[in-house]
$ cat target_29.tsv   # TSV, C-alpha atoms and all ligand atoms
chain	number	residue	atom	x	y	z
A	1	MET	CA	-72.97	7.69	59.63
A	2	ILE	CA	-72.33	4.29	61.15
A	3	LYS	CA	-70.83	1.94	58.63
A	4	GLY	CA	-72.92	-1.20	58.19
A	5	GLN	CA	-71.60	-4.68	58.68
A	6	LYS	CA	-70.96	-6.88	55.66
A	7	GLU	CA	-72.84	-10.16	55.60
A	8	ILE	CA	-73.46	-12.99	53.16
A	9	CYS	CA	-76.52	-15.06	52.47
A	10	GLU	CA	-77.58	-17.65	49.93
A	11	GLY	CA	-80.97	-18.28	48.36
A	12	ILE	CA	-83.34	-17.74	45.46
A	13	VAL	CA	-84.59	-14.51	43.89
A	14	LEU	CA	-88.39	-14.40	44.06
A	15	GLY	CA	-89.03	-11.11	42.33
A	16	SER	CA	-88.09	-7.48	42.02
A	17	THR	CA	-89.78	-4.12	41.69
A	18	GLN	CA	-88.21	-0.98	40.39
A	19	TYR	CA	-87.33	1.60	43.00
A	20	GLN	CA	-86.57	5.19	42.07
A	21	ASP	CA	-84.82	5.65	38.70
A	22	ASP	CA	-82.39	2.82	38.39
A	23	SER	CA	-82.66	0.72	41.53
A	24	ALA	CA	-84.82	-2.21	42.60
A	25	ILE	CA	-86.17	-3.87	45.71
A	26	VAL	CA	-85.54	-7.58	45.41
A	27	SER	CA	-87.38	-10.22	47.38
A	28	PHE	CA	-85.16	-13.14	48.22
A	29	ALA	CA	-85.84	-16.52	49.85
A	30	SER	CA	-83.05	-17.87	52.01
A	31	GLN	CA	-82.45	-20.11	54.96
A	32	GLU	CA	-83.41	-17.18	57.16
A	33	GLY	CA	-86.70	-16.82	55.32
A	34	LEU	CA	-87.85	-14.01	53.09
A	35	LEU	CA	-85.57	-10.97	52.87
A	36	SER	CA	-85.72	-7.74	50.88
A	37	PHE	CA	-82.61	-6.23	49.34
A	38	LEU	CA	-82.07	-2.84	47.85
A	39	ALA	CA	-80.14	-3.28	44.59
A	40	LYS	CA	-78.78	0.21	43.95
A	41	GLY	CA	-78.25	1.14	40.31
A	42	VAL	CA	-79.20	-2.34	39.11
A	43	TYR	CA	-80.79	-0.96	35.93
A	44	LYS	CA	-77.61	0.84	34.90
A	45	ASN	CA	-75.84	-0.82	31.98
A	46	LYS	CA	-72.76	-1.84	33.85
A	47	SER	CA	-74.34	-2.96	37.10
A	48	SER	CA	-72.77	-6.10	38.51
A	49	LEU	CA	-76.01	-6.84	40.36
A	50	LYS	CA	-78.12	-7.72	37.29
A	51	ALA	CA	-78.51	-11.35	38.40
A	52	LEU	CA	-80.83	-10.01	41.11
A	53	LEU	CA	-83.41	-9.14	38.47
A	54	ILE	CA	-84.09	-12.72	37.37
A	55	SER	CA	-86.58	-14.58	39.54
A	56	GLY	CA	-85.42	-18.09	40.27
A	57	ASN	CA	-81.71	-17.30	40.19
A	58	HIS	CA	-79.81	-19.09	42.93
A	59	LEU	CA	-77.35	-16.57	44.35
A	60	LYS	CA	-74.95	-15.76	47.07
A	61	ILE	CA	-75.36	-12.11	48.03
A	62	GLU	CA	-72.95	-9.96	49.93
A	63	TYR	CA	-74.77	-7.12	51.61
A	64	THR	CA	-74.56	-4.48	54.26
A	65	LYS	CA	-77.01	-4.14	57.05
A	66	HIS	CA	-77.64	-0.68	58.40
A	67	GLN	CA	-79.48	-0.09	61.58
A	68	ASP	CA	-83.18	0.28	60.79
A	69	GLY	CA	-82.36	0.61	57.10
A	70	PRO	CA	-82.75	-1.77	54.18
A	71	LEU	CA	-80.31	-4.54	53.39
A	72	ILE	CA	-78.10	-3.20	50.61
A	73	ALA	CA	-76.72	-5.71	48.12
A	74	SER	CA	-73.09	-5.01	47.29
A	75	SER	CA	-72.12	-8.02	45.21
A	76	VAL	CA	-73.69	-11.21	43.92
A	77	TYR	CA	-72.36	-14.59	42.91
A	78	LEU	CA	-74.47	-16.67	40.55
A	79	LEU	CA	-74.79	-20.32	41.64
A	80	GLY	CA	-77.75	-21.32	39.47
A	81	ASP	CA	-78.92	-19.41	36.42
A	82	ALA	CA	-82.70	-19.42	35.88
A	83	SER	CA	-82.78	-17.12	32.85
A	84	LEU	CA	-83.65	-19.92	30.39
A	85	VAL	CA	-86.88	-20.55	32.27
A	86	TYR	CA	-88.35	-17.43	30.68
A	87	THR	CA	-87.85	-18.62	27.12
A	88	ASP	CA	-90.80	-20.98	27.43
A	89	TYR	CA	-94.43	-20.29	28.34
A	90	LYS	CA	-94.94	-23.41	30.43
A	91	MET	CA	-91.79	-22.84	32.44
A	92	SER	CA	-92.67	-19.18	33.02
A	93	ILE	CA	-96.04	-20.21	34.43
A	94	PHE	CA	-94.29	-22.68	36.73
A	95	MET	CA	-92.15	-19.81	38.03
A	96	MET	CA	-95.21	-17.64	38.60
A	97	LEU	CA	-96.74	-20.39	40.70
A	98	LEU	CA	-93.48	-20.91	42.58
A	99	ASN	CA	-93.23	-17.19	43.35
A	100	GLU	CA	-96.81	-16.84	44.49
A	101	LEU	CA	-96.59	-19.88	46.76
A	102	SER	CA	-93.28	-18.78	48.25
A	103	VAL	CA	-94.48	-15.27	49.02
A	104	SER	CA	-97.80	-16.53	50.43
A	105	LEU	CA	-96.29	-19.21	52.64
A	106	PHE	CA	-92.97	-17.90	53.92
A	107	ARG	CA	-92.06	-15.00	56.18
A	108	TYR	CA	-88.89	-13.61	57.61
A	109	GLY	CA	-87.45	-16.30	59.84
A	110	ASP	CA	-88.98	-19.32	58.05
A	111	SER	CA	-86.31	-21.52	56.58
A	112	TYR	CA	-86.87	-21.69	52.82
A	113	PRO	CA	-85.78	-24.86	50.94
A	114	TYR	CA	-83.73	-22.95	48.38
A	115	LEU	CA	-81.44	-25.87	47.52
A	116	ASP	CA	-84.39	-28.09	46.59
A	117	VAL	CA	-86.06	-25.25	44.72
A	118	SER	CA	-82.88	-24.46	42.82
A	119	ALA	CA	-82.52	-28.14	41.82
A	120	ILE	CA	-86.15	-28.16	40.67
A	121	ILE	CA	-85.66	-25.01	38.55
A	122	LYS	CA	-82.52	-26.50	37.01
A	123	SER	CA	-84.37	-29.68	36.14
A	124	LEU	CA	-87.22	-27.65	34.65
A	125	GLN	CA	-84.76	-25.86	32.36
A	126	GLU	CA	-83.32	-29.18	31.29
A	127	GLY	CA	-86.71	-30.30	30.03
A	128	GLY	CA	-88.13	-31.84	33.20
A	129	ASP	CA	-91.86	-32.43	33.52
A	130	SER	CA	-93.69	-29.38	35.00
A	131	LEU	CA	-96.36	-31.44	36.73
A	132	SER	CA	-93.93	-33.86	38.39
A	133	LEU	CA	-91.66	-31.01	39.43
A	134	SER	CA	-94.60	-29.06	40.88
A	135	LEU	CA	-95.43	-32.10	43.04
A	136	LEU	CA	-91.85	-32.26	44.30
A	137	LEU	CA	-91.98	-28.51	44.92
A	138	LEU	CA	-95.11	-28.88	47.05
A	139	GLY	CA	-93.55	-31.77	48.98
A	140	SER	CA	-90.47	-29.70	49.65
A	141	LEU	CA	-92.48	-26.65	50.77
A	142	TYR	CA	-94.61	-28.84	53.06
A	143	LYS	CA	-91.52	-30.30	54.71
A	144	SER	CA	-89.93	-26.89	55.17
A	145	LEU	CA	-93.09	-25.58	56.77
A	146	GLY	CA	-93.03	-28.49	59.20
A	147	LEU	CA	-96.03	-30.30	57.67
A	148	LYS	CA	-94.96	-33.93	57.74
A	149	MET	CA	-96.53	-36.63	55.61
A	150	ASN	CA	-96.17	-40.25	56.65
A	151	CYS	CA	-96.13	-42.21	53.38
A	152	GLN	CA	-94.70	-45.42	54.85
A	153	THR	CA	-97.10	-46.58	57.55
A	154	CYS	CA	-100.66	-45.91	58.66
A	155	VAL	CA	-100.72	-42.54	60.37
A	156	ILE	CA	-103.37	-43.80	62.83
A	157	CYS	CA	-102.20	-47.29	63.89
A	158	GLY	CA	-98.67	-47.47	62.48
A	159	LYS	CA	-99.18	-50.66	60.45
A	160	LYS	CA	-97.45	-51.08	57.11
A	161	GLU	CA	-100.05	-53.37	55.56
A	162	ASN	CA	-103.15	-52.58	53.50
A	163	LEU	CA	-102.53	-48.89	53.03
A	164	VAL	CA	-105.52	-47.88	50.96
A	165	SER	CA	-106.04	-44.17	51.51
A	166	TYR	CA	-104.52	-41.02	52.96
A	167	SER	CA	-105.55	-37.89	54.75
A	168	LEU	CA	-103.50	-34.74	54.22
A	169	LYS	CA	-105.05	-33.19	57.32
A	170	ASP	CA	-103.94	-36.13	59.45
A	171	GLY	CA	-100.55	-36.21	57.75
A	172	GLY	CA	-100.29	-39.52	55.99
A	173	PHE	CA	-101.47	-42.87	54.72
A	174	ILE	CA	-104.34	-44.78	56.29
A	175	CYS	CA	-104.83	-48.54	56.39
A	176	LYS	CA	-107.99	-50.43	55.52
A	177	ASP	CA	-108.91	-51.16	59.17
A	178	CYS	CA	-108.53	-47.59	60.33
A	179	LEU	CA	-110.29	-46.27	57.25
A	180	SER	CA	-113.48	-48.10	58.21
A	181	LYS	CA	-113.61	-45.97	61.38
A	182	THR	CA	-113.49	-42.72	59.38
A	183	ASP	CA	-115.73	-41.25	56.73
A	184	LEU	CA	-112.85	-41.16	54.24
A	185	LYS	CA	-112.85	-43.24	51.06
A	186	VAL	CA	-110.41	-45.67	49.48
A	187	LYS	CA	-108.08	-43.82	47.10
A	188	ASP	CA	-106.81	-44.83	43.71
A	189	LYS	CA	-103.52	-46.78	44.10
A	190	MET	CA	-101.86	-44.37	41.72
A	191	ASP	CA	-102.78	-41.43	43.98
A	192	LEU	CA	-100.99	-43.12	46.87
A	193	TYR	CA	-97.96	-43.61	44.65
A	194	VAL	CA	-97.99	-39.96	43.55
A	195	LEU	CA	-98.31	-38.66	47.11
A	196	ARG	CA	-95.35	-40.80	48.16
A	197	PHE	CA	-93.43	-39.44	45.17
A	198	ALA	CA	-94.17	-35.79	46.13
A	199	PHE	CA	-92.58	-36.30	49.54
A	200	MET	CA	-89.43	-38.07	48.39
A	201	ASP	CA	-86.11	-36.38	49.06
A	202	ILE	CA	-84.94	-34.44	46.04
A	203	SER	CA	-82.17	-36.23	44.16
A	204	PRO	CA	-81.07	-36.33	40.51
A	205	ASP	CA	-82.99	-39.63	40.03
A	206	ILE	CA	-86.19	-38.35	41.58
A	207	LEU	CA	-86.06	-35.18	39.48
A	208	LEU	CA	-86.17	-37.31	36.32
A	209	LYS	CA	-89.24	-39.29	37.34
A	210	ARG	CA	-92.58	-38.60	35.71
A	211	ALA	CA	-95.78	-38.74	37.70
A	212	PRO	CA	-98.85	-40.07	35.85
A	213	LYS	CA	-100.88	-37.14	34.66
A	214	ASN	CA	-104.39	-37.74	36.05
A	215	SER	CA	-103.25	-38.76	39.50
A	216	GLY	CA	-100.59	-36.07	39.39
A	217	ILE	CA	-103.14	-33.33	38.84
A	218	HIS	CA	-105.48	-34.85	41.39
A	219	VAL	CA	-102.86	-35.00	44.16
A	220	LEU	CA	-101.52	-31.56	43.29
A	221	ASN	CA	-105.04	-30.13	43.69
A	222	GLU	CA	-105.37	-31.78	47.07
A	223	LEU	CA	-101.96	-30.65	48.28
A	224	LEU	CA	-102.69	-27.05	47.32
A	225	GLU	CA	-106.21	-27.01	48.75
A	226	ASN	CA	-104.88	-28.39	52.01
A	227	LEU	CA	-102.24	-25.63	52.20
A	228	VAL	CA	-104.81	-22.93	51.46
A	229	ASP	CA	-107.05	-24.32	54.24
A	230	TYR	CA	-104.27	-24.86	56.73
A	231	PHE	CA	-102.76	-21.39	56.40
A	232	ASP	CA	-106.06	-19.71	55.54
A	233	LEU	CA	-104.60	-18.34	52.31
A	234	LYS	CA	-106.37	-16.54	49.52
A	235	PRO	CA	-106.88	-18.75	46.47
A	236	ILE	CA	-103.62	-19.16	44.53
A	237	ARG	CA	-104.26	-16.93	41.52
A	238	THR	CA	-101.70	-18.47	39.19
A	239	TYR	CA	-102.86	-22.03	39.84
A	240	PRO	CA	-105.66	-22.23	37.22
A	241	LEU	CA	-103.17	-20.99	34.63
A	242	PHE	CA	-100.62	-23.56	35.73
A	243	LEU	CA	-103.20	-26.33	35.65
A	244	LYS	CA	-104.15	-25.37	32.12
A	245	SER	CA	-100.51	-25.38	31.02
A	246	VAL	CA	-99.98	-28.93	32.28
A	247	SER	CA	-103.34	-30.24	31.05
A	248	ASP	CA	-103.03	-28.95	27.52
A	249	ASN	CA	-100.72	-31.55	26.06
B	1	ZN	ZN	-104.25	-48.15	60.55
$ encode --input "target_29.tsv" --output "structure tokens"
Amino acid sequence: MIKGQKEICEGIVLGSTQYQDDSAIVSFASQEGLLSFLAKGVYKNKSSLKALLISGNHLKIEYTKHQDGPLIASSVYLLGDASLVYTDYKMSIFMMLLNELSVSLFRYGDSYPYLDVSAIIKSLQEGGDSLSLSLLLLGSLYKSLGLKMNCQTCVICGKKENLVSYSLKDGGFICKDCLSKTDLKVKDKMDLYVLRFAFMDISPDILLKRAPKNSGIHVLNELLENLVDYFDLKPIRTYPLFLKSVSDN
């Protein structure tokens, strides 16, 4: 047998399924995109790989790569613990949405924004607002997928003044003059603000901000619908549940 080469990668656990008696296949989102690891014996009491079983954990994994075989995790180092997320219904739903979106949108080779996502999960566990964090999540996924959004100037003429609407398909804000040449409508000012918020770079300050609820839900709907259209995805199954969890209070 040819001995595999040891490698290291960093990212976020998206989910795991049991494999044979005490092992699991773990899906993992990293800078190299989505990867699958075999976590041998992870269900045994003393396994040092247990951190691979918690979706949302930010980890460094050491693994061996065998020719034409699976990637076999040999050790893990926990950089961000997501286990508290599952103590709360609303946070668990957020994670379900995060997982579904990640698996639907990313493939092997697509760079996944695991640092942003890890910061968002951390903020969620510290009591951050689910709706605001879901907007930042969408913004971060858009950017990683190469879908730019110009929230500073008119995406048609480049002017900074009189920005009154936006088009997600065209990738940004639209000024009053250009709007009159389209069949789009003027948007609520708050919607413009929320869209700009969703595409801000993730920082500790931004993670603490709270988007207004009505506009937040409205823009989130639009961002998701646009992704589903653009990538021709099936409807996001966990989204209605998520929407209910953020609308309820
Ligand atoms: Zn314009």
$ residues_around --input "target_29.tsv" --residues "Thr238 (chain A)" --least-positions-apart "4" --cutoff "12 Å" --atoms "all atoms listed in the file" --output "ChimeraX atom specification"
/A:92-101,224,234,242-245
$ write_last_selection --input "target_29.tsv" --atoms "C-alpha atoms" --output "PDB file, keeping the file's coordinate frame"
ATOM      1  CA  SER A  92     -92.670 -19.180  33.020  1.00  0.00           C
ATOM      2  CA  ILE A  93     -96.040 -20.210  34.430  1.00  0.00           C
ATOM      3  CA  PHE A  94     -94.290 -22.680  36.730  1.00  0.00           C
ATOM      4  CA  MET A  95     -92.150 -19.810  38.030  1.00  0.00           C
ATOM      5  CA  MET A  96     -95.210 -17.640  38.600  1.00  0.00           C
ATOM      6  CA  LEU A  97     -96.740 -20.390  40.700  1.00  0.00           C
ATOM      7  CA  LEU A  98     -93.480 -20.910  42.580  1.00  0.00           C
ATOM      8  CA  ASN A  99     -93.230 -17.190  43.350  1.00  0.00           C
ATOM      9  CA  GLU A 100     -96.810 -16.840  44.490  1.00  0.00           C
ATOM     10  CA  LEU A 101     -96.590 -19.880  46.760  1.00  0.00           C
ATOM     11  CA  LEU A 224    -102.690 -27.050  47.320  1.00  0.00           C
ATOM     12  CA  LYS A 234    -106.370 -16.540  49.520  1.00  0.00           C
ATOM     13  CA  PHE A 242    -100.620 -23.560  35.730  1.00  0.00           C
ATOM     14  CA  LEU A 243    -103.200 -26.330  35.650  1.00  0.00           C
ATOM     15  CA  LYS A 244    -104.150 -25.370  32.120  1.00  0.00           C
ATOM     16  CA  SER A 245    -100.510 -25.380  31.020  1.00  0.00           C
TER      17      SER A 245
END
$ closest_atom_pairs --input "target_29.tsv" --of "chain A" --to "ligand ZN 1 (chain B)" --cutoff "7 Å" --atoms "all atoms listed in the file" --output "CSV"
residue,atom,partner,partner_atom,distance
A:Cys154,CA,B:ZN1,ZN,4.6
A:Val155,CA,B:ZN1,ZN,6.6
A:Ile156,CA,B:ZN1,ZN,5.0
A:Cys157,CA,B:ZN1,ZN,4.0
A:Gly158,CA,B:ZN1,ZN,5.9
A:Lys159,CA,B:ZN1,ZN,5.7
A:Ile174,CA,B:ZN1,ZN,5.4
A:Cys175,CA,B:ZN1,ZN,4.2
A:Lys176,CA,B:ZN1,ZN,6.7
A:Asp177,CA,B:ZN1,ZN,5.7
A:Cys178,CA,B:ZN1,ZN,4.3
$ atom_distance --input "target_29.tsv" --atom1 "CA of Leu34 (chain A)" --atom2 "CA of Thr87 (chain A)"
26.4 Å
$ residues_around --input "target_29.tsv" --residues "Gly11 (chain A)" --least-positions-apart "6" --cutoff "8 Å" --atoms "only C-alpha atoms" --output "list in words"
Phe28, Ala29, Ser30, Gln31, His58, Leu59, Lys60, Tyr114 and Leu115 of chain A
$ atom_distance --input "target_29.tsv" --atom1 "CA of Asn226 (chain A)" --atom2 "CA of Val85 (chain A)"
27.8 Å
$ decode --input "target_29.tsv" --residues "region 134-147 of chain A" --atoms "all heavy atoms" --output "mmCIF file, in the first residue's frame"
data_model
loop_
_atom_site.group_PDB
_atom_site.id
_atom_site.type_symbol
_atom_site.label_atom_id
_atom_site.label_comp_id
_atom_site.auth_asym_id
_atom_site.auth_seq_id
_atom_site.Cartn_x
_atom_site.Cartn_y
_atom_site.Cartn_z
ATOM 1 N N SER A 134 -28.224 36.701 9.148
ATOM 2 C CA SER A 134 -28.526 35.970 7.912
ATOM 3 C C SER A 134 -28.292 36.877 6.699
ATOM 4 O O SER A 134 -27.876 36.419 5.635
ATOM 5 C CB SER A 134 -29.950 35.418 7.927
ATOM 6 O OG SER A 134 -30.891 36.466 7.899
ATOM 7 N N LEU A 135 -28.542 38.175 6.861
ATOM 8 C CA LEU A 135 -28.266 39.126 5.772
ATOM 9 C C LEU A 135 -26.759 39.198 5.493
ATOM 10 O O LEU A 135 -26.329 39.185 4.342
ATOM 11 C CB LEU A 135 -28.804 40.510 6.133
ATOM 12 C CG LEU A 135 -30.326 40.647 6.060
ATOM 13 C CD1 LEU A 135 -30.812 41.826 6.892
ATOM 14 C CD2 LEU A 135 -30.788 40.791 4.613
ATOM 15 N N LEU A 136 -25.985 39.266 6.565
ATOM 16 C CA LEU A 136 -24.525 39.308 6.392
ATOM 17 C C LEU A 136 -24.017 38.000 5.779
ATOM 18 O O LEU A 136 -23.090 37.996 4.967
ATOM 19 C CB LEU A 136 -23.833 39.566 7.738
ATOM 20 C CG LEU A 136 -24.064 40.959 8.326
ATOM 21 C CD1 LEU A 136 -23.476 41.041 9.738
ATOM 22 C CD2 LEU A 136 -23.430 42.033 7.438
ATOM 23 N N LEU A 137 -24.651 36.900 6.174
ATOM 24 C CA LEU A 137 -24.290 35.602 5.597
ATOM 25 C C LEU A 137 -24.522 35.603 4.087
ATOM 26 O O LEU A 137 -23.650 35.214 3.309
ATOM 27 C CB LEU A 137 -25.110 34.489 6.257
ATOM 28 C CG LEU A 137 -24.989 33.107 5.610
ATOM 29 C CD1 LEU A 137 -23.592 32.543 5.824
ATOM 30 C CD2 LEU A 137 -26.031 32.140 6.169
ATOM 31 N N LEU A 138 -25.705 36.067 3.679
ATOM 32 C CA LEU A 138 -26.021 36.108 2.249
ATOM 33 C C LEU A 138 -25.025 37.002 1.503
ATOM 34 O O LEU A 138 -24.534 36.628 0.440
ATOM 35 C CB LEU A 138 -27.447 36.626 2.043
ATOM 36 C CG LEU A 138 -28.567 35.598 1.836
ATOM 37 C CD1 LEU A 138 -28.386 34.883 0.506
ATOM 38 C CD2 LEU A 138 -28.615 34.556 2.926
ATOM 39 N N GLY A 139 -24.735 38.160 2.070
ATOM 40 C CA GLY A 139 -23.773 39.075 1.447
ATOM 41 C C GLY A 139 -22.429 38.389 1.260
ATOM 42 O O GLY A 139 -21.815 38.461 0.191
ATOM 43 N N SER A 140 -22.003 37.681 2.290
ATOM 44 C CA SER A 140 -20.713 37.012 2.232
ATOM 45 C C SER A 140 -20.712 35.880 1.194
ATOM 46 O O SER A 140 -19.743 35.713 0.438
ATOM 47 C CB SER A 140 -20.395 36.487 3.634
ATOM 48 O OG SER A 140 -19.214 35.785 3.623
ATOM 49 N N LEU A 141 -21.803 35.125 1.129
ATOM 50 C CA LEU A 141 -21.896 34.048 0.133
ATOM 51 C C LEU A 141 -21.908 34.630 -1.281
ATOM 52 O O LEU A 141 -21.222 34.147 -2.178
ATOM 53 C CB LEU A 141 -23.148 33.185 0.367
ATOM 54 C CG LEU A 141 -23.228 32.420 1.694
ATOM 55 C CD1 LEU A 141 -24.521 31.612 1.782
ATOM 56 C CD2 LEU A 141 -22.030 31.503 1.906
ATOM 57 N N TYR A 142 -22.686 35.706 -1.470
ATOM 58 C CA TYR A 142 -22.705 36.371 -2.787
ATOM 59 C C TYR A 142 -21.283 36.730 -3.223
ATOM 60 O O TYR A 142 -20.872 36.452 -4.332
ATOM 61 C CB TYR A 142 -23.526 37.664 -2.711
ATOM 62 C CG TYR A 142 -24.964 37.555 -3.185
ATOM 63 C CD1 TYR A 142 -25.914 36.908 -2.408
ATOM 64 C CD2 TYR A 142 -25.378 38.140 -4.386
ATOM 65 C CE1 TYR A 142 -27.241 36.831 -2.827
ATOM 66 C CE2 TYR A 142 -26.705 38.062 -4.806
ATOM 67 C CZ TYR A 142 -27.628 37.407 -4.023
ATOM 68 O OH TYR A 142 -28.936 37.334 -4.432
ATOM 69 N N LYS A 143 -20.563 37.407 -2.316
ATOM 70 C CA LYS A 143 -19.227 37.882 -2.675
ATOM 71 C C LYS A 143 -18.313 36.718 -3.019
ATOM 72 O O LYS A 143 -17.558 36.769 -3.990
ATOM 73 C CB LYS A 143 -18.642 38.727 -1.536
ATOM 74 C CG LYS A 143 -19.286 40.116 -1.439
ATOM 75 C CD LYS A 143 -18.671 40.955 -0.329
ATOM 76 C CE LYS A 143 -19.457 40.830 0.955
ATOM 77 N NZ LYS A 143 -18.935 41.632 2.075
ATOM 78 N N SER A 144 -18.398 35.643 -2.223
ATOM 79 C CA SER A 144 -17.555 34.481 -2.493
ATOM 80 C C SER A 144 -17.872 33.827 -3.824
ATOM 81 O O SER A 144 -17.005 33.248 -4.471
ATOM 82 C CB SER A 144 -17.740 33.425 -1.411
ATOM 83 O OG SER A 144 -16.790 33.598 -0.437
ATOM 84 N N LEU A 145 -19.129 33.905 -4.203
ATOM 85 C CA LEU A 145 -19.548 33.285 -5.468
ATOM 86 C C LEU A 145 -19.293 34.214 -6.654
ATOM 87 O O LEU A 145 -19.625 33.899 -7.792
ATOM 88 C CB LEU A 145 -21.038 32.930 -5.401
ATOM 89 C CG LEU A 145 -21.384 31.810 -4.408
ATOM 90 C CD1 LEU A 145 -22.873 31.817 -4.073
ATOM 91 C CD2 LEU A 145 -20.967 30.453 -4.954
ATOM 92 N N GLY A 146 -18.720 35.381 -6.359
ATOM 93 C CA GLY A 146 -18.377 36.320 -7.431
ATOM 94 C C GLY A 146 -19.536 37.196 -7.875
ATOM 95 O O GLY A 146 -19.475 37.825 -8.917
ATOM 96 N N LEU A 147 -20.628 37.212 -7.084
ATOM 97 C CA LEU A 147 -21.769 38.072 -7.431
ATOM 98 C C LEU A 147 -21.602 39.406 -6.698
ATOM 99 O O LEU A 147 -21.878 39.518 -5.519
ATOM 100 C CB LEU A 147 -23.084 37.409 -6.998
ATOM 101 C CG LEU A 147 -23.366 36.038 -7.607
ATOM 102 C CD1 LEU A 147 -24.626 35.446 -7.019
ATOM 103 C CD2 LEU A 147 -23.499 36.165 -9.119
#
